$ cat upload18.txt   # compact mmCIF, C-alpha atoms and all ligand atoms
# COMPACT_ATOMS: atom_id res chain seq x y z
CA ILE A 1 89.30 -60.56 66.74
CA ASP A 2 90.38 -57.31 68.47
CA PHE A 3 92.61 -56.59 65.49
CA ILE A 4 89.73 -56.92 63.03
CA GLN A 5 87.32 -54.99 65.25
CA ASN A 6 89.68 -52.05 65.64
CA LEU A 7 90.60 -51.84 61.97
CA PRO A 8 89.18 -48.70 60.26
CA LYS A 9 87.23 -50.11 57.30
CA ALA A 10 84.38 -49.18 54.98
CA GLU A 11 81.41 -51.37 53.99
CA LEU A 12 80.72 -50.30 50.42
CA HIS A 13 78.43 -53.05 49.10
CA ALA A 14 75.45 -53.77 51.35
CA HIS A 15 71.88 -53.92 49.98
CA LEU A 16 69.42 -52.46 52.49
CA ASN A 17 66.66 -55.05 52.07
CA GLY A 18 69.20 -57.85 51.88
CA SER A 19 70.70 -56.76 55.21
CA ILE A 20 67.65 -56.65 57.50
CA PRO A 21 68.28 -58.41 60.83
CA ILE A 22 65.99 -61.43 61.12
CA PRO A 23 64.38 -60.32 64.44
CA THR A 24 63.34 -57.03 62.78
CA LEU A 25 61.85 -58.87 59.82
CA LEU A 26 59.93 -61.27 62.07
CA GLU A 27 58.61 -58.35 64.12
CA LEU A 28 57.28 -56.80 60.89
CA LEU A 29 55.77 -60.13 59.84
CA ASN A 30 53.96 -60.43 63.19
CA GLU A 31 52.63 -56.87 62.87
CA TYR A 32 51.51 -57.60 59.29
CA GLU A 33 49.80 -60.80 60.41
CA SER A 34 47.93 -59.20 63.30
CA SER A 35 46.62 -56.31 61.20
CA TYR A 36 45.94 -58.40 58.07
CA ASP A 37 42.50 -57.92 56.56
CA PRO A 38 41.93 -60.51 53.77
CA VAL A 39 39.03 -58.46 52.34
CA ASN A 40 41.07 -55.26 52.08
CA PRO A 41 44.75 -56.32 52.23
CA ARG A 42 47.50 -53.70 52.56
CA TYR A 43 49.64 -55.64 50.12
CA LYS A 44 48.90 -58.33 47.56
CA LEU A 45 50.56 -61.14 49.56
CA SER A 46 49.01 -62.97 52.52
CA PRO A 47 51.07 -63.49 55.72
CA THR A 48 51.43 -67.19 54.81
CA GLU A 49 52.80 -66.35 51.37
CA ILE A 50 55.22 -63.83 52.90
CA ARG A 51 56.41 -66.44 55.41
CA VAL A 52 57.19 -68.81 52.53
CA HIS A 53 59.31 -66.12 50.84
CA ILE A 54 61.17 -65.29 54.08
CA ASP A 55 61.88 -69.01 54.58
CA ARG A 56 63.16 -69.23 51.00
CA LEU A 57 65.46 -66.27 51.62
CA GLN A 58 66.87 -68.06 54.66
CA ASN A 59 67.31 -71.35 52.82
CA LEU A 60 68.30 -70.27 49.35
CA ASP A 61 67.55 -72.54 46.41
CA LEU A 62 70.22 -71.45 43.95
CA SER A 63 69.29 -73.80 41.13
CA SER A 64 67.93 -70.72 39.30
CA LEU A 65 68.42 -66.95 39.58
CA ASP A 66 64.81 -66.68 40.73
CA GLY A 67 65.77 -68.72 43.80
CA PHE A 68 67.77 -65.69 44.97
CA PHE A 69 65.86 -62.70 43.56
CA GLY A 70 62.28 -64.08 43.85
CA PRO A 71 61.93 -64.22 47.67
CA PHE A 72 62.66 -60.48 48.06
CA VAL A 73 58.97 -59.83 47.20
CA GLY A 74 58.17 -61.18 50.68
CA VAL A 75 60.45 -58.52 52.22
CA TYR A 76 58.92 -55.80 50.03
CA ALA A 77 55.44 -56.68 51.27
CA LEU A 78 56.62 -56.08 54.84
CA ILE A 79 58.32 -52.76 54.20
CA SER A 80 55.48 -51.21 52.21
CA THR A 81 54.73 -48.49 54.81
CA ARG A 82 56.90 -45.53 55.74
CA ALA A 83 57.07 -46.70 59.37
CA ALA A 84 58.35 -50.12 58.29
CA THR A 85 60.95 -48.62 55.93
CA THR A 86 62.17 -46.38 58.76
CA LYS A 87 62.33 -49.35 61.12
CA ILE A 88 64.40 -51.59 58.83
CA THR A 89 66.77 -48.78 57.83
CA ARG A 90 67.39 -47.91 61.48
CA ALA A 91 68.03 -51.58 62.29
CA VAL A 92 70.44 -52.07 59.37
CA LEU A 93 72.42 -48.92 60.17
CA ALA A 94 72.64 -49.93 63.82
CA GLN A 95 73.79 -53.43 62.86
CA PHE A 96 76.76 -51.99 60.94
CA LEU A 97 77.57 -48.82 62.86
CA ASP A 98 76.42 -48.99 66.49
CA GLY A 99 77.69 -50.66 69.63
CA ASP A 100 81.11 -51.02 71.24
CA SER A 101 82.62 -52.79 68.27
CA PRO A 102 80.87 -51.58 65.10
CA GLN A 103 81.28 -53.71 61.97
CA CYS A 104 82.71 -50.76 60.06
CA SER A 105 83.80 -47.15 60.43
CA TYR A 106 81.85 -46.01 57.36
CA LEU A 107 78.83 -47.53 55.62
CA GLU A 108 77.71 -46.79 52.08
CA LEU A 109 74.30 -48.41 52.10
CA ARG A 110 72.46 -49.03 48.83
CA THR A 111 68.81 -49.48 48.03
CA THR A 112 66.48 -49.54 45.02
CA PRO A 113 63.88 -46.74 45.24
CA LYS A 114 60.50 -48.45 45.14
CA GLU A 115 56.94 -47.50 44.53
CA SER A 116 55.86 -49.64 47.39
CA GLY A 117 52.36 -49.84 48.90
CA GLU A 118 51.51 -46.36 50.12
CA MET A 119 54.87 -44.79 49.16
CA SER A 120 56.24 -43.11 46.03
CA ARG A 121 59.93 -43.58 45.14
CA LEU A 122 60.68 -40.16 46.65
CA GLU A 123 58.87 -41.03 49.89
CA TYR A 124 60.71 -44.34 50.13
CA VAL A 125 64.13 -42.74 49.60
CA SER A 126 63.28 -39.88 51.96
CA ALA A 127 62.43 -42.35 54.73
CA VAL A 128 65.76 -44.15 54.17
CA LEU A 129 67.77 -40.91 53.92
CA GLU A 130 66.30 -39.51 57.12
CA GLU A 131 67.81 -42.45 59.01
CA VAL A 132 71.15 -42.37 57.14
CA GLU A 133 71.49 -38.66 57.91
CA LYS A 134 71.19 -39.28 61.64
CA TYR A 135 74.84 -40.38 61.40
CA PRO A 136 77.65 -37.94 60.53
CA LYS A 137 78.68 -37.91 56.87
CA GLU A 138 82.01 -39.53 57.80
CA ARG A 139 80.00 -42.58 58.92
CA ALA A 140 77.17 -43.14 56.43
CA GLY A 141 76.04 -42.36 52.88
CA LEU A 142 73.35 -43.63 50.51
CA ILE A 143 73.68 -45.15 47.05
CA MET A 144 70.50 -45.33 44.97
CA SER A 145 70.28 -48.57 42.97
CA LEU A 146 68.94 -49.02 39.47
CA ASP A 147 67.41 -52.47 39.10
CA ARG A 148 68.17 -54.14 35.74
CA ARG A 149 64.46 -55.02 35.55
CA MET A 150 63.50 -51.30 35.43
CA THR A 151 62.62 -49.68 32.11
CA PRO A 152 65.17 -47.13 30.80
CA GLU A 153 62.62 -44.40 31.64
CA VAL A 154 62.37 -45.47 35.28
CA MET A 155 66.17 -45.74 35.53
CA ARG A 156 66.43 -42.19 34.27
CA GLU A 157 63.75 -41.09 36.77
CA VAL A 158 65.75 -42.63 39.63
CA VAL A 159 68.97 -40.88 38.54
CA GLU A 160 67.07 -37.56 38.20
CA LEU A 161 65.83 -38.10 41.74
CA ALA A 162 69.35 -38.85 43.00
CA LYS A 163 70.63 -35.70 41.29
CA LYS A 164 67.85 -33.57 42.75
CA LEU A 165 68.39 -34.90 46.27
CA LYS A 166 72.16 -34.43 46.06
CA GLY A 167 71.55 -30.90 44.75
CA LYS A 168 69.51 -30.17 47.87
CA GLY A 169 72.43 -31.28 50.02
CA ARG A 170 70.92 -34.65 50.94
CA ARG A 171 73.30 -37.58 51.61
CA VAL A 172 73.01 -39.38 48.24
CA VAL A 173 76.58 -40.25 47.22
CA GLY A 174 76.14 -42.48 44.19
CA ILE A 175 74.15 -44.82 42.01
CA ASP A 176 74.40 -48.56 41.50
CA LEU A 177 73.24 -51.09 38.92
CA CYS A 178 71.92 -54.31 40.49
CA GLY A 179 69.12 -56.87 40.22
CA ASP A 180 68.70 -60.02 38.15
CA PRO A 181 71.92 -60.22 36.08
CA SER A 182 70.06 -61.82 33.17
CA ALA A 183 67.59 -58.92 32.82
CA GLY A 184 67.68 -55.64 30.93
CA ASP A 185 69.42 -54.10 27.96
CA MET A 186 72.63 -52.42 29.08
CA ASP A 187 72.85 -50.36 25.86
CA THR A 188 70.08 -48.11 27.18
CA LEU A 189 71.94 -47.30 30.40
CA GLU A 190 74.49 -44.89 28.99
CA SER A 191 72.49 -41.65 29.28
CA SER A 192 71.49 -42.37 32.89
CA ILE A 193 75.11 -43.05 33.84
CA SER A 194 76.36 -39.85 32.20
CA LEU A 195 73.63 -37.89 33.95
CA ALA A 196 74.78 -39.34 37.28
CA LYS A 197 78.45 -38.64 36.58
CA ASP A 198 77.72 -35.06 35.49
CA ALA A 199 75.86 -34.56 38.76
CA GLY A 200 78.99 -35.64 40.68
CA LEU A 201 77.47 -38.93 41.84
CA GLY A 202 79.71 -41.98 42.20
CA VAL A 203 78.86 -44.91 39.91
CA THR A 204 79.15 -48.57 40.85
CA LEU A 205 77.92 -51.38 38.62
CA HIS A 206 77.29 -55.06 39.34
CA ILE A 207 79.21 -56.63 36.47
CA ALA A 208 80.00 -60.13 35.18
CA GLU A 209 78.30 -61.78 38.15
CA THR A 210 77.47 -64.99 36.33
CA LYS A 211 79.06 -67.06 33.56
CA ASP A 212 76.09 -66.09 31.37
CA ASN A 213 76.83 -62.35 31.37
CA PRO A 214 78.28 -61.82 27.87
CA ALA A 215 81.76 -60.32 27.54
CA GLU A 216 80.36 -57.56 25.27
CA GLU A 217 78.00 -56.50 28.04
CA SER A 218 80.88 -56.13 30.52
CA LEU A 219 82.93 -54.13 28.01
CA LYS A 220 79.92 -51.90 27.39
CA LEU A 221 79.44 -51.29 31.13
CA LEU A 222 83.16 -50.51 31.50
CA SER A 223 82.92 -48.01 28.63
CA TYR A 224 80.53 -45.95 30.80
CA GLY A 225 83.44 -45.17 33.15
CA PRO A 226 82.25 -46.58 36.51
CA ASN A 227 84.14 -45.63 39.69
CA ARG A 228 83.63 -49.05 41.27
CA LEU A 229 82.45 -52.53 40.27
CA GLY A 230 80.41 -55.10 42.16
CA HIS A 231 81.57 -58.76 42.08
CA ALA A 232 83.33 -58.66 38.65
CA THR A 233 83.68 -62.44 38.83
CA PHE A 234 83.71 -63.45 35.16
CA LEU A 235 85.61 -60.64 33.42
CA ASN A 236 87.65 -61.69 30.39
CA GLU A 237 91.25 -60.62 29.76
CA GLU A 238 90.28 -57.55 27.79
CA ALA A 239 87.93 -56.33 30.52
CA LEU A 240 90.46 -57.11 33.25
CA ALA A 241 93.09 -55.08 31.44
CA ILE A 242 90.74 -52.07 31.50
CA VAL A 243 89.92 -52.55 35.19
CA LEU A 244 93.64 -52.69 36.05
CA LYS A 245 94.58 -49.76 33.84
CA GLU A 246 91.77 -47.54 35.16
CA LYS A 247 92.39 -48.76 38.75
CA ILE A 248 88.64 -49.31 39.27
CA CYS A 249 87.97 -50.49 42.81
CA VAL A 250 86.26 -53.91 42.92
CA GLU A 251 83.77 -54.62 45.71
CA LEU A 252 84.34 -58.25 46.67
CA CYS A 253 81.81 -60.32 48.61
CA LEU A 254 83.57 -63.58 49.47
CA SER A 255 80.80 -65.46 51.33
CA SER A 256 78.15 -64.32 48.86
CA ASN A 257 80.18 -65.70 45.93
CA LEU A 258 80.97 -68.98 47.73
CA LEU A 259 77.36 -69.53 48.83
CA CYS A 260 75.98 -68.63 45.39
CA LYS A 261 78.61 -70.99 43.95
CA THR A 262 79.88 -68.46 41.41
CA VAL A 263 83.31 -69.23 42.89
CA SER A 264 84.21 -72.78 43.91
CA SER A 265 86.66 -72.05 46.75
CA LEU A 266 88.50 -69.16 48.36
CA ASP A 267 91.81 -70.02 46.71
CA ALA A 268 90.03 -69.88 43.33
CA HIS A 269 88.44 -66.51 44.17
CA HIS A 270 89.32 -63.53 41.96
CA ILE A 271 90.50 -61.68 45.10
CA CYS A 272 93.80 -63.58 44.60
CA PHE A 273 94.24 -61.98 41.17
CA TYR A 274 93.59 -58.47 42.50
CA LEU A 275 95.91 -58.96 45.49
CA GLU A 276 98.69 -60.15 43.16
CA HIS A 277 98.23 -56.98 41.10
CA ASN A 278 98.04 -54.70 44.14
CA HIS A 279 94.68 -53.53 42.78
CA PRO A 280 92.12 -51.56 44.88
CA ILE A 281 89.43 -53.77 46.41
CA ALA A 282 86.82 -53.44 49.13
CA ILE A 283 85.72 -56.42 51.20
CA CYS A 284 81.94 -56.34 51.61
CA THR A 285 78.99 -58.39 52.88
CA ASP A 286 76.38 -57.98 50.08
CA ASP A 287 73.30 -59.40 51.89
CA VAL A 288 73.72 -60.50 55.51
CA LEU A 289 70.06 -61.60 55.67
CA PRO A 290 70.38 -64.65 53.37
CA PHE A 291 74.15 -65.19 53.78
CA ARG A 292 74.20 -64.86 57.59
CA ASN A 293 77.65 -63.24 57.46
CA SER A 294 79.12 -60.05 58.91
CA LEU A 295 81.85 -57.69 57.78
CA GLN A 296 84.10 -58.83 60.60
CA ALA A 297 83.61 -62.45 59.55
CA GLU A 298 84.53 -61.53 55.96
CA TYR A 299 87.79 -60.02 57.25
CA ALA A 300 88.34 -63.10 59.39
CA LEU A 301 88.22 -65.15 56.16
CA LEU A 302 91.18 -63.11 54.87
CA MET A 303 93.26 -64.01 57.93
CA ALA A 304 92.26 -67.61 58.69
CA GLN A 305 94.78 -70.21 57.56
CA PRO A 306 94.02 -72.12 54.31
CA PRO A 307 91.92 -73.98 53.37
CA LEU A 308 89.46 -72.09 55.64
CA GLY A 309 90.82 -68.67 54.79
CA LEU A 310 93.48 -66.93 52.73
CA GLY A 311 96.14 -66.77 55.46
CA LEU A 312 96.94 -63.08 54.89
CA SER A 313 99.15 -61.20 57.35
CA GLU A 314 97.98 -58.33 59.57
CA ASN A 315 99.88 -55.87 57.37
CA GLU A 316 98.14 -57.13 54.24
CA VAL A 317 94.74 -56.86 55.90
CA VAL A 318 95.47 -53.31 57.12
CA ARG A 319 96.28 -52.41 53.52
CA ILE A 320 93.05 -54.00 52.23
CA ALA A 321 90.94 -52.18 54.83
CA GLN A 322 92.63 -48.90 53.89
CA MET A 323 91.74 -49.52 50.23
CA SER A 324 88.06 -49.64 51.20
CA MET A 325 88.39 -46.33 53.05
CA ASP A 326 90.13 -44.82 50.02
CA SER A 327 87.37 -45.94 47.62
CA THR A 328 84.29 -44.37 49.23
CA PHE A 329 82.12 -42.13 47.07
CA SER A 330 82.55 -39.32 49.55
CA ARG A 331 86.06 -39.20 48.04
CA THR A 332 84.94 -39.47 44.39
P1 LIG A 401 67.10 -53.29 48.04
O1 LIG A 401 67.65 -52.63 46.81
O2 LIG A 401 65.65 -53.64 47.88
O3 LIG A 401 67.36 -52.51 49.30
O4 LIG A 401 67.93 -54.65 48.26
C1 LIG A 401 67.56 -55.90 47.73
C2 LIG A 401 67.73 -55.94 46.23
O5 LIG A 401 69.12 -55.78 45.89
C3 LIG A 401 67.34 -57.26 45.57
O6 LIG A 401 65.97 -57.32 45.25
C4 LIG A 401 68.21 -57.27 44.30
O7 LIG A 401 67.58 -56.51 43.28
C5 LIG A 401 69.45 -56.53 44.73
N1 LIG A 401 70.54 -57.46 45.09
C6 LIG A 401 70.83 -57.95 46.31
N2 LIG A 401 71.91 -58.77 46.24
C7 LIG A 401 72.30 -58.77 44.96
C8 LIG A 401 73.37 -59.42 44.27
O8 LIG A 401 74.20 -60.17 44.81
N3 LIG A 401 73.45 -59.21 42.92
C9 LIG A 401 72.57 -58.38 42.27
N4 LIG A 401 72.74 -58.23 40.95
N5 LIG A 401 71.57 -57.75 42.89
C10 LIG A 401 71.44 -57.94 44.23
$ encode --input "upload18.txt" --output "structure tokens" --more "lines below"
Ligand code: 5GP
Amino acid sequence: IDFIQNLPKAELHAHLNGSIPIPTLLELLNEYESSYDPVNPRYKLSPTEIRVHIDRLQNLDLSSLDGFFGPFVGVYALISTRAATTKITRAVLAQFLDGDSPQCSYLELRTTPKESGEMSRLEYVSAVLEEVEKYPKERAGLIMSLDRRMTPEVMREVVELAKKLKGKGRRVVGIDLCGDPSAGDMDTLESSISLAKDAGLGVTLHIAETKDNPAEESLKLLSYGPNRLGHATFLNEEALAIVLKEKICVELCLSSNLLCKTVSSLDAHHICFYLEHNHPIAICTDDVLPFRNSLQAEYALLMAQPPLGLGLSENEVVRIAQMSMDSTFSRT
């Protein structure tokens, strides 16, 4: 445990609203409940409806994609004020970075800019950034996510916002593509990605997360020249050859993939392929709220003996942790 705790490592794939500590979320739910006015509600969901969503997030029904993505609306109801957004961001940053044995040395947190309740996208991102910037730049940066359910116009607006904030010296280090993997038309993404790249922003894309993501879509996303990839579970040979040739770092979320059953067991996980090819990877948590994991526990999975873990040596794990530090967008 000491070995894992002391290892310099970067968390590069953590979704803000998927990483809220449960006590913080319940505090917000209690506040929402006590100030709830059914005649003039702050948000369209009642406290009871929100509770159902939070319960669903804690006990995922993965028989459909909506079982994972649907319950986030309950979280969004609770964070629809600036004070609440500040509170959750502070709690998530503290969870990863504070204390005697922080989960990681550097956190690249990602979130989808929302028009939420009383806030515009800019106000939402500003509230998040203010908290991120309380840490030195060697410890924390922000990635702005494009949700696949956004229209191409909104995606472009988000990238313009990221560019503007970066231009003003704010701590936006990159953009991400996330959200329901079955949604959206990836052909329309190209101009937003080139805008981001021209602005010097790092680009990471969730890719081939499910069996249903077509091979042509993955090849299209790769043709946009991303710096990193999220999950990359179902890439075909042609796509894999590109990833290896371009040495694109792959953000791997072991527990997330096992719990979502996109990978049947650790020894069948695509991490084995990348390790065999000495390819850059970053071990990440994804969403500690539903998956109840931690970055240290993900590293423990690397070291535990099979079948529980991968049985890697300390030297191998040092090398993997170093790869995460070498793949941050502050280095792009
Ligand atoms: P937020 O962007 O609101 O801070 O974080 C939660 C959001 O991240 C979810 O609503 C979803 O759009 C996205 N997200 C979280 N986990 C995953 C994942 O494993 N795959 C994809 N594609 N999107 C995710």
$ atom_distance --input "upload18.txt" --atom1 "CA of Leu146 in chain A" --atom2 "CA of Ser327 in chain A"
20.4 Å
$ residues_around --input "upload18.txt" --residues "range 20-30 of chain A" --least-positions-apart "2" --cutoff "12 Å" --atoms "all atoms listed in the file" --output "PyMOL selection string"
chain A and resi 14-18+32-36+45-55+57-58+72+74-81+83-96+109+111+286-294
$ atom_distance --input "upload18.txt" --atom1 "CA of Asn213 in chain A" --atom2 "CA of Pro181 in chain A"
7.1 Å
$ residues_around --input "upload18.txt" --residues "Glu217 in chain A" --least-positions-apart "2" --cutoff "10 Å" --atoms "all atoms listed in the file" --output "PyMOL selection string"
chain A and resi 185-187+207-208+213-215+219-223
$ atom_distance --input "upload18.txt" --atom1 "CA of Thr328 in chain A" --atom2 "CA of Ser191 in chain A"
23.3 Å
